[in-house]
file input_0.txt (compact mmCIF, C-alpha atoms)
# COMPACT_ATOMS: atom_id res chain seq x y z
CA GLY A 1 0.00 0.00 0.00
CA ILE A 2 0.96 3.57 0.69
CA ASN A 3 3.54 2.79 3.43
CA ALA A 4 5.43 0.41 1.15
CA GLU A 5 5.47 3.04 -1.62
CA TYR A 6 6.61 5.74 0.84
CA GLY A 7 9.31 3.43 2.22
CA ALA A 8 10.63 2.75 -1.26
CA LEU A 9 10.83 6.48 -2.05
CA LEU A 10 12.47 7.43 1.27
CA PRO A 11 16.07 6.68 0.18
CA LEU A 12 15.54 8.65 -3.04
CA ARG A 13 14.14 11.63 -1.10
CA MET A 14 17.03 11.50 1.39
CA PHE A 15 19.52 11.41 -1.50
CA LYS A 16 17.87 14.46 -3.12
CA PHE A 17 17.92 16.34 0.18
CA LEU A 18 21.61 15.55 0.81
CA LEU A 19 22.51 16.54 -2.75
CA PHE A 20 20.62 19.84 -2.35
CA ALA A 21 22.35 20.51 1.01
CA LEU A 22 25.75 19.76 -0.53
CA LEU A 23 25.13 22.10 -3.47
CA VAL A 24 23.94 24.92 -1.22
CA SER A 25 26.83 24.54 1.22
CA SER A 26 29.44 24.43 -1.56
CA CYS A 27 28.20 27.76 -2.88
CA LEU A 28 28.50 29.53 0.45
CA SER A 29 31.37 30.86 2.47
CA HIS A 30 32.12 28.90 5.58
CA LEU A 31 34.73 29.83 8.18
CA LEU A 32 36.43 27.60 10.70
CA VAL A 33 38.04 29.49 13.56
CA LYS A 34 40.57 27.97 15.96
CA LYS A 35 41.86 29.80 19.03
CA ASN A 36 44.71 28.49 21.12
CA VAL A 37 47.28 29.58 23.67
CA LEU A 38 50.77 29.00 22.29
CA GLU A 39 52.66 28.61 25.59
CA GLY A 40 52.92 25.15 27.12
CA GLU A 41 52.78 26.59 30.65
CA VAL A 42 50.97 29.77 31.56
CA VAL A 43 52.88 31.69 34.26
CA GLN A 44 51.74 34.71 36.24
CA GLY A 45 53.46 37.85 34.97
CA LYS A 46 54.84 36.19 31.80
CA PRO A 47 53.50 37.03 28.32
CA VAL A 48 51.09 34.52 26.76
CA ALA A 49 50.57 34.53 22.98
CA VAL A 50 46.99 33.90 21.87
CA ASN A 51 46.72 32.63 18.29
CA ILE A 52 43.50 32.82 16.25
CA LYS A 53 43.55 31.00 12.92
CA ILE A 54 40.71 31.41 10.42
CA TYR A 55 40.13 29.03 7.49
CA ASN A 56 37.71 29.82 4.65
CA THR A 57 36.47 26.36 3.69
CA GLY A 58 33.76 27.70 1.39
CA SER A 59 33.89 28.32 -2.35
CA THR A 60 33.34 32.11 -2.19
CA PRO A 61 35.42 34.83 -0.56
CA VAL A 62 34.36 36.59 2.64
CA TYR A 63 34.65 40.33 3.18
CA ASP A 64 34.96 42.83 6.03
CA LEU A 65 36.22 40.29 8.59
CA VAL A 66 36.29 41.49 12.19
CA ILE A 67 38.02 39.36 14.83
CA ASP A 68 36.93 40.22 18.38
CA ASP A 69 38.81 38.54 21.21
CA SER A 70 38.29 41.22 23.84
CA ASP A 71 36.65 39.03 26.49
CA TRP A 72 39.83 38.67 28.53
CA SER A 73 39.06 39.70 32.12
CA ASP A 74 40.80 42.93 33.18
CA LYS A 75 41.05 41.54 36.72
CA ARG A 76 42.96 38.44 35.63
CA PHE A 77 44.82 39.56 32.47
CA GLU A 78 46.69 42.57 31.18
CA PHE A 79 46.66 43.29 27.45
CA GLN A 80 50.24 43.68 26.19
CA VAL A 81 50.85 43.43 22.42
CA GLY A 82 48.70 43.18 19.29
CA LEU A 83 45.05 43.94 18.70
CA GLN A 84 42.20 42.22 20.47
CA VAL A 85 39.85 43.52 17.79
CA ALA A 86 41.29 43.31 14.27
CA SER A 87 39.82 43.87 10.79
CA PHE A 88 40.66 42.33 7.43
CA ASP A 89 39.22 43.30 4.03
CA ARG A 90 38.96 39.90 2.35
CA LEU A 91 39.66 36.20 2.78
CA ALA A 92 39.73 34.14 -0.42
CA PRO A 93 38.16 30.68 -0.66
CA GLY A 94 40.55 27.99 0.56
CA ALA A 95 42.78 30.61 2.22
CA ASN A 96 43.53 31.15 5.87
CA LEU A 97 44.84 33.93 8.06
CA THR A 98 46.37 34.07 11.50
CA HIS A 99 46.01 36.79 14.09
CA THR A 100 48.06 36.83 17.29
CA HIS A 101 47.96 39.04 20.36
CA VAL A 102 49.63 38.82 23.76
CA VAL A 103 48.14 38.95 27.24
CA VAL A 104 49.84 38.69 30.66
CA PRO A 105 48.15 36.77 33.49
CA LYS A 106 47.86 38.82 36.69
CA ALA A 107 46.39 36.07 38.87
CA VAL A 108 47.22 32.48 39.71
CA GLY A 109 44.70 29.68 39.25
CA TYR A 110 42.39 28.07 36.75
CA PHE A 111 40.76 30.08 33.99
CA THR A 112 38.90 29.44 30.77
CA THR A 113 38.98 31.58 27.67
CA ASN A 114 35.85 32.62 25.90
CA PRO A 115 35.65 31.91 22.18
CA ALA A 116 36.72 34.69 19.83
CA ARG A 117 33.95 36.11 17.64
CA VAL A 118 34.57 36.49 13.91
CA SER A 119 32.06 38.52 11.91
CA TYR A 120 32.09 38.72 8.11
CA ARG A 121 30.00 39.59 5.07
CA THR A 122 29.45 37.50 1.98
CA THR A 123 29.35 40.59 -0.28
CA PRO A 124 31.80 43.49 -0.08
CA GLY A 125 30.56 46.49 1.92
CA LYS A 126 26.91 45.52 2.08
CA GLY A 127 24.64 42.92 3.56
CA PRO A 128 24.33 41.60 7.08
CA TYR A 129 27.23 40.27 9.10
CA THR A 130 27.48 36.58 9.87
CA THR A 131 29.16 35.74 13.18
CA VAL A 132 30.99 32.53 14.02
CA LEU A 133 32.68 31.54 17.27
CA SER A 134 36.13 30.04 17.63
CA THR A 135 37.11 27.08 19.68
CA SER A 136 37.98 27.92 23.27
CA GLN A 137 40.68 26.61 25.53
CA ASN A 138 39.38 24.43 28.28
CA ARG A 139 40.62 25.05 31.76
CA LEU A 140 44.14 26.45 31.78
CA PHE A 141 46.17 26.93 34.93
CA ALA A 142 48.36 29.97 35.56
CA LEU A 143 51.33 29.06 37.76
CA GLU A 144 53.07 31.36 40.22
CA LYS A 145 56.52 32.52 39.11
CA SER A 146 58.15 30.77 42.07
CA GLU A 147 56.42 27.48 41.22
CA ARG A 148 57.58 27.71 37.60
CA GLU A 149 61.14 28.52 38.68
CA LYS A 150 61.08 25.58 41.06
CA ARG A 151 60.00 23.26 38.25
CA ALA A 152 62.59 24.65 35.82
CA SER A 153 65.55 24.89 38.24
CA PRO A 154 68.52 22.59 37.66
CA HIS A 155 67.88 20.79 41.04
CA LEU A 156 71.59 20.79 41.98
CA LYS A 157 70.96 19.63 45.55
CA GLU A 158 69.00 16.59 44.34
CA TRP A 159 71.69 15.73 41.78
CA PHE A 160 74.42 15.98 44.46
CA VAL A 161 72.53 13.58 46.79
CA PHE A 162 71.95 11.23 43.85
CA MET A 163 75.68 11.22 42.96
CA ILE A 164 76.69 10.46 46.58
CA LEU A 165 74.21 7.58 46.78
CA ALA A 166 75.20 6.26 43.34
CA LEU A 167 78.92 6.42 44.17
CA GLY A 168 78.26 4.69 47.49
CA SER A 169 76.46 1.81 45.80
CA VAL A 170 79.36 1.40 43.36
CA LEU A 171 82.35 2.10 45.63
CA LEU A 172 81.24 -0.10 48.56
CA PRO A 173 81.26 -3.37 46.52
CA PHE A 174 84.49 -2.28 44.81
CA GLY A 175 86.12 -1.61 48.18
CA ILE A 176 85.12 -5.06 49.49
CA TRP A 177 86.39 -6.76 46.34
CA PHE A 178 89.65 -4.77 46.44
CA GLN A 179 90.22 -5.67 50.14
CA LEU A 180 89.59 -9.38 49.44
CA HIS A 181 91.79 -9.32 46.34
CA TYR A 182 94.62 -7.55 48.23
CA ASN A 183 94.42 -10.02 51.12
CA ALA A 184 94.37 -12.97 48.73
CA THR A 185 97.44 -11.75 46.77
CA SER A 186 99.38 -10.97 50.03
CA LEU A 187 98.58 -14.39 51.37
CA ALA A 188 99.67 -16.02 48.09
CA LYS A 189 103.02 -14.15 48.19
CA ARG A 190 103.73 -15.28 51.73
CA ASN A 191 103.20 -18.92 50.87
call {"tool": "encode", "arguments": {"input": "input_0.txt", "output": "structure tokens"}}
result
Amino acid sequence: GINAEYGALLPLRMFKFLLFALLVSSCLSHLLVKKNVLEGEVVQGKPVAVNIKIYNTGSTPVYDLVIDDSDWSDKRFEFQVGLQVASFDRLAPGANLTHTHVVVPKAVGYFTTNPARVSYRTTPGKGPYTTVLSTSQNRLFALEKSEREKRASPHLKEWFVFMILALGSVLLPFGIWFQLHYNATSLAKRN
């Protein structure tokens, strides 16, 4: 009946819908935005580079790009170098651009970064803006300077104790062997 006929046409309808969606999406601009902190360890009072990379994966250029990464808390971070809000005229299809700015953590502890907002137009100088959000860094931890220095220090005291213990474990058996060998050779010379 009707259900069997509908069931037979369902794959064809799904195929048509997917083909239509693919054609529409290939004709549009589509941006992927990745935001990351470049330093391996975030340390209080030390500059931290924030990198925002934008990829145009669509088949048409985008215009009037505005990158806004100004959600860094004034209580926890100090803006140092670069622009937190930057503008670019055009991004070609298949192209990418990178924007970097530097902040300095004022406080110690866990923090999360909000996604950067990227707004763009699909036609130059006119039309509404489309806004996309970047990825955000999950919980990052800002270390105290003293804690970072402690982790990065050469640990000379620990190495000295290690060398004494290592030499003791090598020299003690050697000393026993040497004493036995000396006694054995002296005894052999006497006889």
call {"tool": "residues_around", "arguments": {"input": "input_0.txt", "residues": "range 54-57 of chain A", "least_positions_apart": "4", "cutoff": "10 Å", "atoms": "only C-alpha atoms", "output": "PyMOL selection string"}}
result
chain A and resi 26+28-35+61-62+67+91-99+118+134
call {"tool": "write_last_selection", "arguments": {"input": "input_0.txt", "atoms": "C-alpha atoms", "output": "PDB file, keeping the file's coordinate frame"}}
result
ATOM      1  CA  SER A  26      29.440  24.430  -1.560  1.00  0.00           C
ATOM      2  CA  LEU A  28      28.500  29.530   0.450  1.00  0.00           C
ATOM      3  CA  SER A  29      31.370  30.860   2.470  1.00  0.00           C
ATOM      4  CA  HIS A  30      32.120  28.900   5.580  1.00  0.00           C
ATOM      5  CA  LEU A  31      34.730  29.830   8.180  1.00  0.00           C
ATOM      6  CA  LEU A  32      36.430  27.600  10.700  1.00  0.00           C
ATOM      7  CA  VAL A  33      38.040  29.490  13.560  1.00  0.00           C
ATOM      8  CA  LYS A  34      40.570  27.970  15.960  1.00  0.00           C
ATOM      9  CA  LYS A  35      41.860  29.800  19.030  1.00  0.00           C
ATOM     10  CA  PRO A  61      35.420  34.830  -0.560  1.00  0.00           C
ATOM     11  CA  VAL A  62      34.360  36.590   2.640  1.00  0.00           C
ATOM     12  CA  ILE A  67      38.020  39.360  14.830  1.00  0.00           C
ATOM     13  CA  LEU A  91      39.660  36.200   2.780  1.00  0.00           C
ATOM     14  CA  ALA A  92      39.730  34.140  -0.420  1.00  0.00           C
ATOM     15  CA  PRO A  93      38.160  30.680  -0.660  1.00  0.00           C
ATOM     16  CA  GLY A  94      40.550  27.990   0.560  1.00  0.00           C
ATOM     17  CA  ALA A  95      42.780  30.610   2.220  1.00  0.00           C
ATOM     18  CA  ASN A  96      43.530  31.150   5.870  1.00  0.00           C
ATOM     19  CA  LEU A  97      44.840  33.930   8.060  1.00  0.00           C
ATOM     20  CA  THR A  98      46.370  34.070  11.500  1.00  0.00           C
ATOM     21  CA  HIS A  99      46.010  36.790  14.090  1.00  0.00           C
ATOM     22  CA  VAL A 118      34.570  36.490  13.910  1.00  0.00           C
ATOM     23  CA  SER A 134      36.130  30.040  17.630  1.00  0.00           C
TER      24      SER A 134
END
call {"tool": "atom_distance", "arguments": {"input": "input_0.txt", "atom1": "CA of Pro105 in chain A", "atom2": "CA of Ala86 in chain A"}}
result
21.4 Å
call {"tool": "axis_aligned_box", "arguments": {"input": "input_0.txt", "around": "range 86-97 of chain A", "padding_each_side": "6 Å", "output": "lines of an AutoDock Vina configuration file"}}
result
center_x = 41.5
center_y = 35.9
center_z = 6.8
size_x = 18.7
size_y = 27.9
size_z = 26.9
call {"tool": "residues_around", "arguments": {"input": "input_0.txt", "residues": "Thr100 in chain A", "least_positions_apart": "6", "cutoff": "8 Å", "atoms": "only C-alpha atoms", "output": "ChimeraX atom specification"}}
result
/A:49-52,82-83
call {"tool": "atom_distance", "arguments": {"input": "input_0.txt", "atom1": "CA of Thr112 in chain A", "atom2": "CA of Val66 in chain A"}}
result
22.3 Å
call {"tool": "closest_residue", "arguments": {"input": "input_0.txt", "among": "A:Glu78, A:Asp69, A:Asp64, A:Glu158", "to": "Thr122 in chain A", "atoms": "all atoms listed in the file"}}
result
A:Asp64
call {"tool": "atom_distance", "arguments": {"input": "input_0.txt", "atom1": "CA of Gln84 in chain A", "atom2": "CA of Thr113 in chain A"}}
result
13.2 Å
call {"tool": "closest_residue", "arguments": {"input": "input_0.txt", "among": "A:Asn191, A:Tyr182, A:Gly40, A:Val48", "to": "Phe79 in chain A", "atoms": "all atoms listed in the file"}}
result
A:Val48
call {"tool": "residues_around", "arguments": {"input": "input_0.txt", "residues": "Val108 in chain A", "least_positions_apart": "2", "cutoff": "8 Å", "atoms": "only C-alpha atoms", "output": "PyMOL selection string"}}
result
chain A and resi 43-44+105-106+110+141-144
call {"tool": "closest_residue", "arguments": {"input": "input_0.txt", "among": "A:His181, A:Arg117, A:Arg90, A:Lys53", "to": "Asp71 in chain A", "atoms": "all atoms listed in the file"}}
result
A:Arg117
call {"tool": "closest_residue", "arguments": {"input": "input_0.txt", "among": "A:Ser169, A:Ser73, A:Ser59, A:Gln179", "to": "Ala107 in chain A", "atoms": "all atoms listed in the file"}}
result
A:Ser73
